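Here the structure comes first, spelled out in structure tokens, and everything after it is commentary.
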Amino acid sequence: MKNEAYLYGQILGTHSFLLRGDFLKPDEYSEIDAQYFLPGGETGTAATVLASLGVSVIMDGTWIGKDVGPMLREFYREKSVDLSSLNFDYDDPGVMDYVVIAGQVRSPMGRFQTLFSSGERWWNTPKEEDITGCRAAAIDPYFGEDSLLAAELCIKNNIPYVTIDTMHDNFLHQHAAINILSHECTDMRYPGMSPEEVMELMKQETEGLTILTQGAGDMLFGRRGEETRSIPAYKVAVKSTLGAGDTYKAGCVYALLQGMTDEETVRFAGACSAVAISRFPLPLNPPKPEEVIRVMDGN
């Protein structure tokens, strides 16, 4: 049976450390309350969430090294996530990151600047046979021409795709069914512009849906020729914000598969993210459909 969703992008091994008490302070001791080594990355986390929502997924992207591979295979062994396109022969420990978390604050660490500046490839080229027959996709923007190729293959096969943090003049944004921008992205890429001004700029360049998330602030959304609308973020007790944006992306892919309206999409994805930040670690406790519905219903 063909997979329902195609995901392309970052698939990592994430070492996460949840602190007891406040975030790290220079020269002060911090107690680790819990730590894990689990699948991460924008694509890896989205695949985990979609599987929990009952979606069959095939994912591709980052090469999987010898330290990450066994963990990844075991984690997804009984989940609806197809790993057959991944390269498990990377002669390297593998791409990993390290994240320190304390409530609503987290700090990721890694070697991505070194990796991207090396001039060497450490990811797969997307394959059309993985995309054909799927009904929705998600594409991370980080792999340059290969991310664009994934988008072109989706367009060729009439498959709507979700992307993240992509600027207004980028091909990925201009042809996406949904582009989700975080406030971290807009603060960096559009300094001095209000969220509403960013939304107007984004909407003019695409027929798709633009969503701007703002952490605990309102979610803004809209399309070309329409007024920008807003929905308040759901209020939950925050355990960890790690994976919140990746879960939001997964919620949007699910919404495409279900044929949701724009407002339904924003509400559902926002509720997915709210469930995600209420627990740790997310990969072992991904949102289930009934949990998302309870958040949407205010229960």
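To be explicit about the labels: the chains of the structure tokens are called A, B, and onward in the order shown, and within each one the residues are counted from 1, while ligands get numbers from 1 in the order they are shown.
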
Give me, as a PyMOL selection string, all polymer residues having an atom no more than 6 Å from Tyr98 of chain A, counting only C-alpha atoms and skipping those fewer than 2 positions away in the same chain. chain A and resi 14-16+108-109

Atoms to include: N, CA and C atoms. Write the selected residues as a PDB file, in the first residue's frame.
ATOM      1  N   THR A  14      18.605  13.122  18.431  1.00  0.00           N
ATOM      2  CA  THR A  14      18.599  14.257  19.350  1.00  0.00           C
ATOM      3  C   THR A  14      18.861  13.787  20.781  1.00  0.00           C
ATOM      4  N   HIS A  15      19.906  14.351  21.387  1.00  0.00           N
ATOM      5  CA  HIS A  15      20.177  14.158  22.805  1.00  0.00           C
ATOM      6  C   HIS A  15      19.492  15.308  23.545  1.00  0.00           C
ATOM      7  N   SER A  16      18.475  14.993  24.334  1.00  0.00           N
ATOM      8  CA  SER A  16      17.735  16.041  25.040  1.00  0.00           C
ATOM      9  C   SER A  16      17.942  15.912  26.540  1.00  0.00           C
ATOM     10  N   PRO A 108      19.460  24.686  21.653  1.00  0.00           N
ATOM     11  CA  PRO A 108      20.007  23.586  20.851  1.00  0.00           C
ATOM     12  C   PRO A 108      21.469  23.833  20.520  1.00  0.00           C
ATOM     13  N   MET A 109      22.223  22.747  20.447  1.00  0.00           N
ATOM     14  CA  MET A 109      23.634  22.817  20.066  1.00  0.00           C
ATOM     15  C   MET A 109      23.910  21.741  19.030  1.00  0.00           C
TER      16      MET A 109
END

Output as a VMD selection string all residues of segment 75-240 of chain A that backbone DSSP marks as strand (DSSP E). chain A and resid 81 to 82 96 to 102 105 to 109 136 to 139 161 to 164 178 to 181 209 to 212 219 to 222 229 to 231

With N, CA and C atoms retained, export the selected residues as an mmCIF file, in the first residue's frame.
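This went into part_29.cif:
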data_model
loop_
_atom_site.group_PDB
_atom_site.id
_atom_site.type_symbol
_atom_site.label_atom_id
_atom_site.label_comp_id
_atom_site.auth_asym_id
_atom_site.auth_seq_id
_atom_site.Cartn_x
_atom_site.Cartn_y
_atom_site.Cartn_z
ATOM 1 N N VAL A 81 6.092 4.381 9.604
ATOM 2 C CA VAL A 81 7.087 5.268 9.005
ATOM 3 C C VAL A 81 8.043 4.414 8.182
ATOM 4 N N ASP A 82 8.073 4.654 6.880
ATOM 5 C CA ASP A 82 8.887 3.901 5.928
ATOM 6 C C ASP A 82 10.286 4.521 5.862
ATOM 7 N N MET A 96 23.716 14.669 14.688
ATOM 8 C CA MET A 96 23.064 14.716 15.994
ATOM 9 C C MET A 96 23.026 16.152 16.497
ATOM 10 N N ASP A 97 22.067 16.416 17.368
ATOM 11 C CA ASP A 97 22.080 17.678 18.089
ATOM 12 C C ASP A 97 21.870 17.409 19.573
ATOM 13 N N TYR A 98 22.099 18.443 20.356
ATOM 14 C CA TYR A 98 22.045 18.352 21.816
ATOM 15 C C TYR A 98 21.214 19.537 22.295
ATOM 16 N N VAL A 99 20.154 19.255 23.049
ATOM 17 C CA VAL A 99 19.226 20.307 23.437
ATOM 18 C C VAL A 99 19.047 20.310 24.946
ATOM 19 N N VAL A 100 19.293 21.458 25.558
ATOM 20 C CA VAL A 100 19.070 21.652 26.987
ATOM 21 C C VAL A 100 17.754 22.396 27.150
ATOM 22 N N ILE A 101 16.883 21.889 28.034
ATOM 23 C CA ILE A 101 15.514 22.392 28.144
ATOM 24 C C ILE A 101 15.188 22.699 29.594
ATOM 25 N N ALA A 102 14.502 23.823 29.800
ATOM 26 C CA ALA A 102 13.937 24.149 31.109
ATOM 27 C C ALA A 102 12.632 24.905 30.853
ATOM 28 N N VAL A 105 12.058 27.505 27.912
ATOM 29 C CA VAL A 105 13.354 27.908 27.371
ATOM 30 C C VAL A 105 14.132 26.665 26.955
ATOM 31 N N ARG A 106 14.760 26.725 25.809
ATOM 32 C CA ARG A 106 15.627 25.637 25.379
ATOM 33 C C ARG A 106 16.798 26.209 24.578
ATOM 34 N N SER A 107 17.883 25.461 24.528
ATOM 35 C CA SER A 107 19.051 25.881 23.759
ATOM 36 C C SER A 107 19.593 24.681 23.000
ATOM 37 N N PRO A 108 19.460 24.686 21.653
ATOM 38 C CA PRO A 108 20.007 23.586 20.851
ATOM 39 C C PRO A 108 21.469 23.833 20.520
ATOM 40 N N MET A 109 22.223 22.747 20.447
ATOM 41 C CA MET A 109 23.634 22.817 20.066
ATOM 42 C C MET A 109 23.910 21.741 19.030
ATOM 43 N N ALA A 136 -0.022 14.069 0.298
ATOM 44 C CA ALA A 136 0.466 15.326 0.874
ATOM 45 C C ALA A 136 1.944 15.155 1.197
ATOM 46 N N ALA A 137 2.639 16.278 1.362
ATOM 47 C CA ALA A 137 4.078 16.228 1.609
ATOM 48 C C ALA A 137 4.484 17.375 2.528
ATOM 49 N N ALA A 138 5.694 17.249 3.069
ATOM 50 C CA ALA A 138 6.317 18.344 3.817
ATOM 51 C C ALA A 138 7.777 18.407 3.418
ATOM 52 N N ILE A 139 8.269 19.612 3.176
ATOM 53 C CA ILE A 139 9.634 19.803 2.676
ATOM 54 C C ILE A 139 10.348 20.825 3.545
ATOM 55 N N TYR A 161 2.104 20.492 -0.722
ATOM 56 C CA TYR A 161 3.148 20.334 0.288
ATOM 57 C C TYR A 161 3.160 21.491 1.286
ATOM 58 N N VAL A 162 3.652 21.169 2.476
ATOM 59 C CA VAL A 162 3.857 22.130 3.559
ATOM 60 C C VAL A 162 5.347 22.429 3.655
ATOM 61 N N THR A 163 5.699 23.676 3.859
ATOM 62 C CA THR A 163 7.084 24.024 4.149
ATOM 63 C C THR A 163 7.121 24.958 5.351
ATOM 64 N N ILE A 164 8.325 25.294 5.788
ATOM 65 C CA ILE A 164 8.488 26.089 7.006
ATOM 66 C C ILE A 164 9.534 27.180 6.795
ATOM 67 N N ILE A 178 0.951 25.265 2.098
ATOM 68 C CA ILE A 178 1.030 25.950 3.389
ATOM 69 C C ILE A 178 2.492 26.254 3.699
ATOM 70 N N ASN A 179 2.767 27.489 4.105
ATOM 71 C CA ASN A 179 4.084 27.863 4.629
ATOM 72 C C ASN A 179 3.886 28.387 6.046
ATOM 73 N N ILE A 180 4.591 27.776 7.000
ATOM 74 C CA ILE A 180 4.484 28.148 8.410
ATOM 75 C C ILE A 180 5.749 28.895 8.804
ATOM 76 N N LEU A 181 5.595 30.117 9.278
ATOM 77 C CA LEU A 181 6.740 30.907 9.711
ATOM 78 C C LEU A 181 6.700 31.083 11.221
ATOM 79 N N LEU A 209 -1.668 29.010 1.631
ATOM 80 C CA LEU A 209 -1.966 29.535 2.964
ATOM 81 C C LEU A 209 -0.667 29.880 3.684
ATOM 82 N N THR A 210 -0.576 31.086 4.236
ATOM 83 C CA THR A 210 0.547 31.493 5.065
ATOM 84 C C THR A 210 0.092 31.534 6.516
ATOM 85 N N ILE A 211 0.886 30.909 7.390
ATOM 86 C CA ILE A 211 0.611 30.916 8.826
ATOM 87 C C ILE A 211 1.825 31.478 9.543
ATOM 88 N N LEU A 212 1.588 32.375 10.467
ATOM 89 C CA LEU A 212 2.664 32.936 11.281
ATOM 90 C C LEU A 212 2.375 32.563 12.732
ATOM 91 N N MET A 219 -1.948 33.103 16.548
ATOM 92 C CA MET A 219 -1.544 32.550 15.253
ATOM 93 C C MET A 219 -2.229 33.371 14.163
ATOM 94 N N LEU A 220 -1.441 33.931 13.244
ATOM 95 C CA LEU A 220 -1.975 34.701 12.130
ATOM 96 C C LEU A 220 -2.004 33.834 10.888
ATOM 97 N N PHE A 221 -3.040 34.000 10.052
ATOM 98 C CA PHE A 221 -3.113 33.199 8.832
ATOM 99 C C PHE A 221 -3.934 33.929 7.780
ATOM 100 N N GLY A 222 -3.676 33.574 6.512
ATOM 101 C CA GLY A 222 -4.425 34.203 5.431
ATOM 102 C C GLY A 222 -3.870 33.836 4.071
ATOM 103 N N ARG A 229 -6.347 36.815 9.340
ATOM 104 C CA ARG A 229 -7.135 36.464 10.516
ATOM 105 C C ARG A 229 -6.212 35.961 11.619
ATOM 106 N N SER A 230 -6.738 35.881 12.837
ATOM 107 C CA SER A 230 -5.934 35.413 13.958
ATOM 108 C C SER A 230 -6.745 34.495 14.846
ATOM 109 N N ILE A 231 -6.030 33.576 15.483
ATOM 110 C CA ILE A 231 -6.617 32.649 16.453
ATOM 111 C C ILE A 231 -5.675 32.603 17.650
#

Per residue of segment 87-204 of chain A within 7 Å of segment 53-75 of chain A, which atom pair is closest and at what distance in Å (one decimal), using only C-alpha atoms, listed by chain and increasing number, as a tab-separated table?
residue	atom	partner	partner_atom	distance
A:Asn87	CA	A:Trp63	CA	5.1
A:Phe88	CA	A:Ile64	CA	4.8
A:Asp89	CA	A:Gly65	CA	6.6
A:Tyr90	CA	A:Gly65	CA	4.7
A:Asp91	CA	A:Gly65	CA	6.3
A:Asp92	CA	A:Gly65	CA	5.1
A:Pro93	CA	A:Asp67	CA	4.7
A:Gly94	CA	A:Gly65	CA	3.5
A:Val95	CA	A:Gly65	CA	6.9
A:Trp122	CA	A:Trp63	CA	5.6
A:Trp123	CA	A:Thr62	CA	4.2
A:Asn124	CA	A:Gly61	CA	5.1

In terms of only C-alpha atoms, the residue from A:Val236, A:Val275, A:Met199, A:Ile32 at minimal distance from Tyr248 of chain A is A:Val275

Produce a table with one row for each residue of segment 191-237 of chain A that has an atom at most 10 Å from any atom of segment 277-295 of chain A, each row naming the nearest atom pair and its distance in Å at one decimal; use only C-alpha atoms; arrange rows by chain and rising residue number; format as JSON lines.
{"residue": "A:Tyr234", "atom": "CA", "partner": "A:Val295", "partner_atom": "CA", "distance": 7.5}
{"residue": "A:Lys235", "atom": "CA", "partner": "A:Val295", "partner_atom": "CA", "distance": 8.9}
{"residue": "A:Val236", "atom": "CA", "partner": "A:Ser278", "partner_atom": "CA", "distance": 6.5}
{"residue": "A:Ala237", "atom": "CA", "partner": "A:Ser278", "partner_atom": "CA", "distance": 5.8}

If you count only C-alpha atoms, which residues fall within 6 Å of Pro39 of chain A, apart from same-chain ones fewer than 4 positions away, as a list in words? Leu12, Gly13, Thr14 and Gly44 of chain A

Write a file of the just-selected residues containing N, CA and C atoms, as an mmCIF file, in the first residue's frame.
data_model
loop_
_atom_site.group_PDB
_atom_site.id
_atom_site.type_symbol
_atom_site.label_atom_id
_atom_site.label_comp_id
_atom_site.auth_asym_id
_atom_site.auth_seq_id
_atom_site.Cartn_x
_atom_site.Cartn_y
_atom_site.Cartn_z
ATOM 1 N N LEU A 12 17.454 13.458 12.534
ATOM 2 C CA LEU A 12 18.618 13.475 13.410
ATOM 3 C C LEU A 12 18.465 12.490 14.556
ATOM 4 N N GLY A 13 19.557 12.320 15.291
ATOM 5 C CA GLY A 13 19.487 11.774 16.630
ATOM 6 C C GLY A 13 19.609 12.934 17.589
ATOM 7 N N THR A 14 18.605 13.122 18.431
ATOM 8 C CA THR A 14 18.599 14.257 19.350
ATOM 9 C C THR A 14 18.861 13.787 20.781
ATOM 10 N N GLY A 44 12.166 14.264 11.116
ATOM 11 C CA GLY A 44 12.046 13.115 12.004
ATOM 12 C C GLY A 44 10.922 13.284 13.008
#

Separation of atom CA of Asn158 of chain A and atom CA of Arg135 of chain A, in Å? 8.6 Å

Two-atom distance - atom CA of Leu50 of chain A, atom CA of Gly110 of chain A (Å):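 Interatomic distance here is 25.5 Å.
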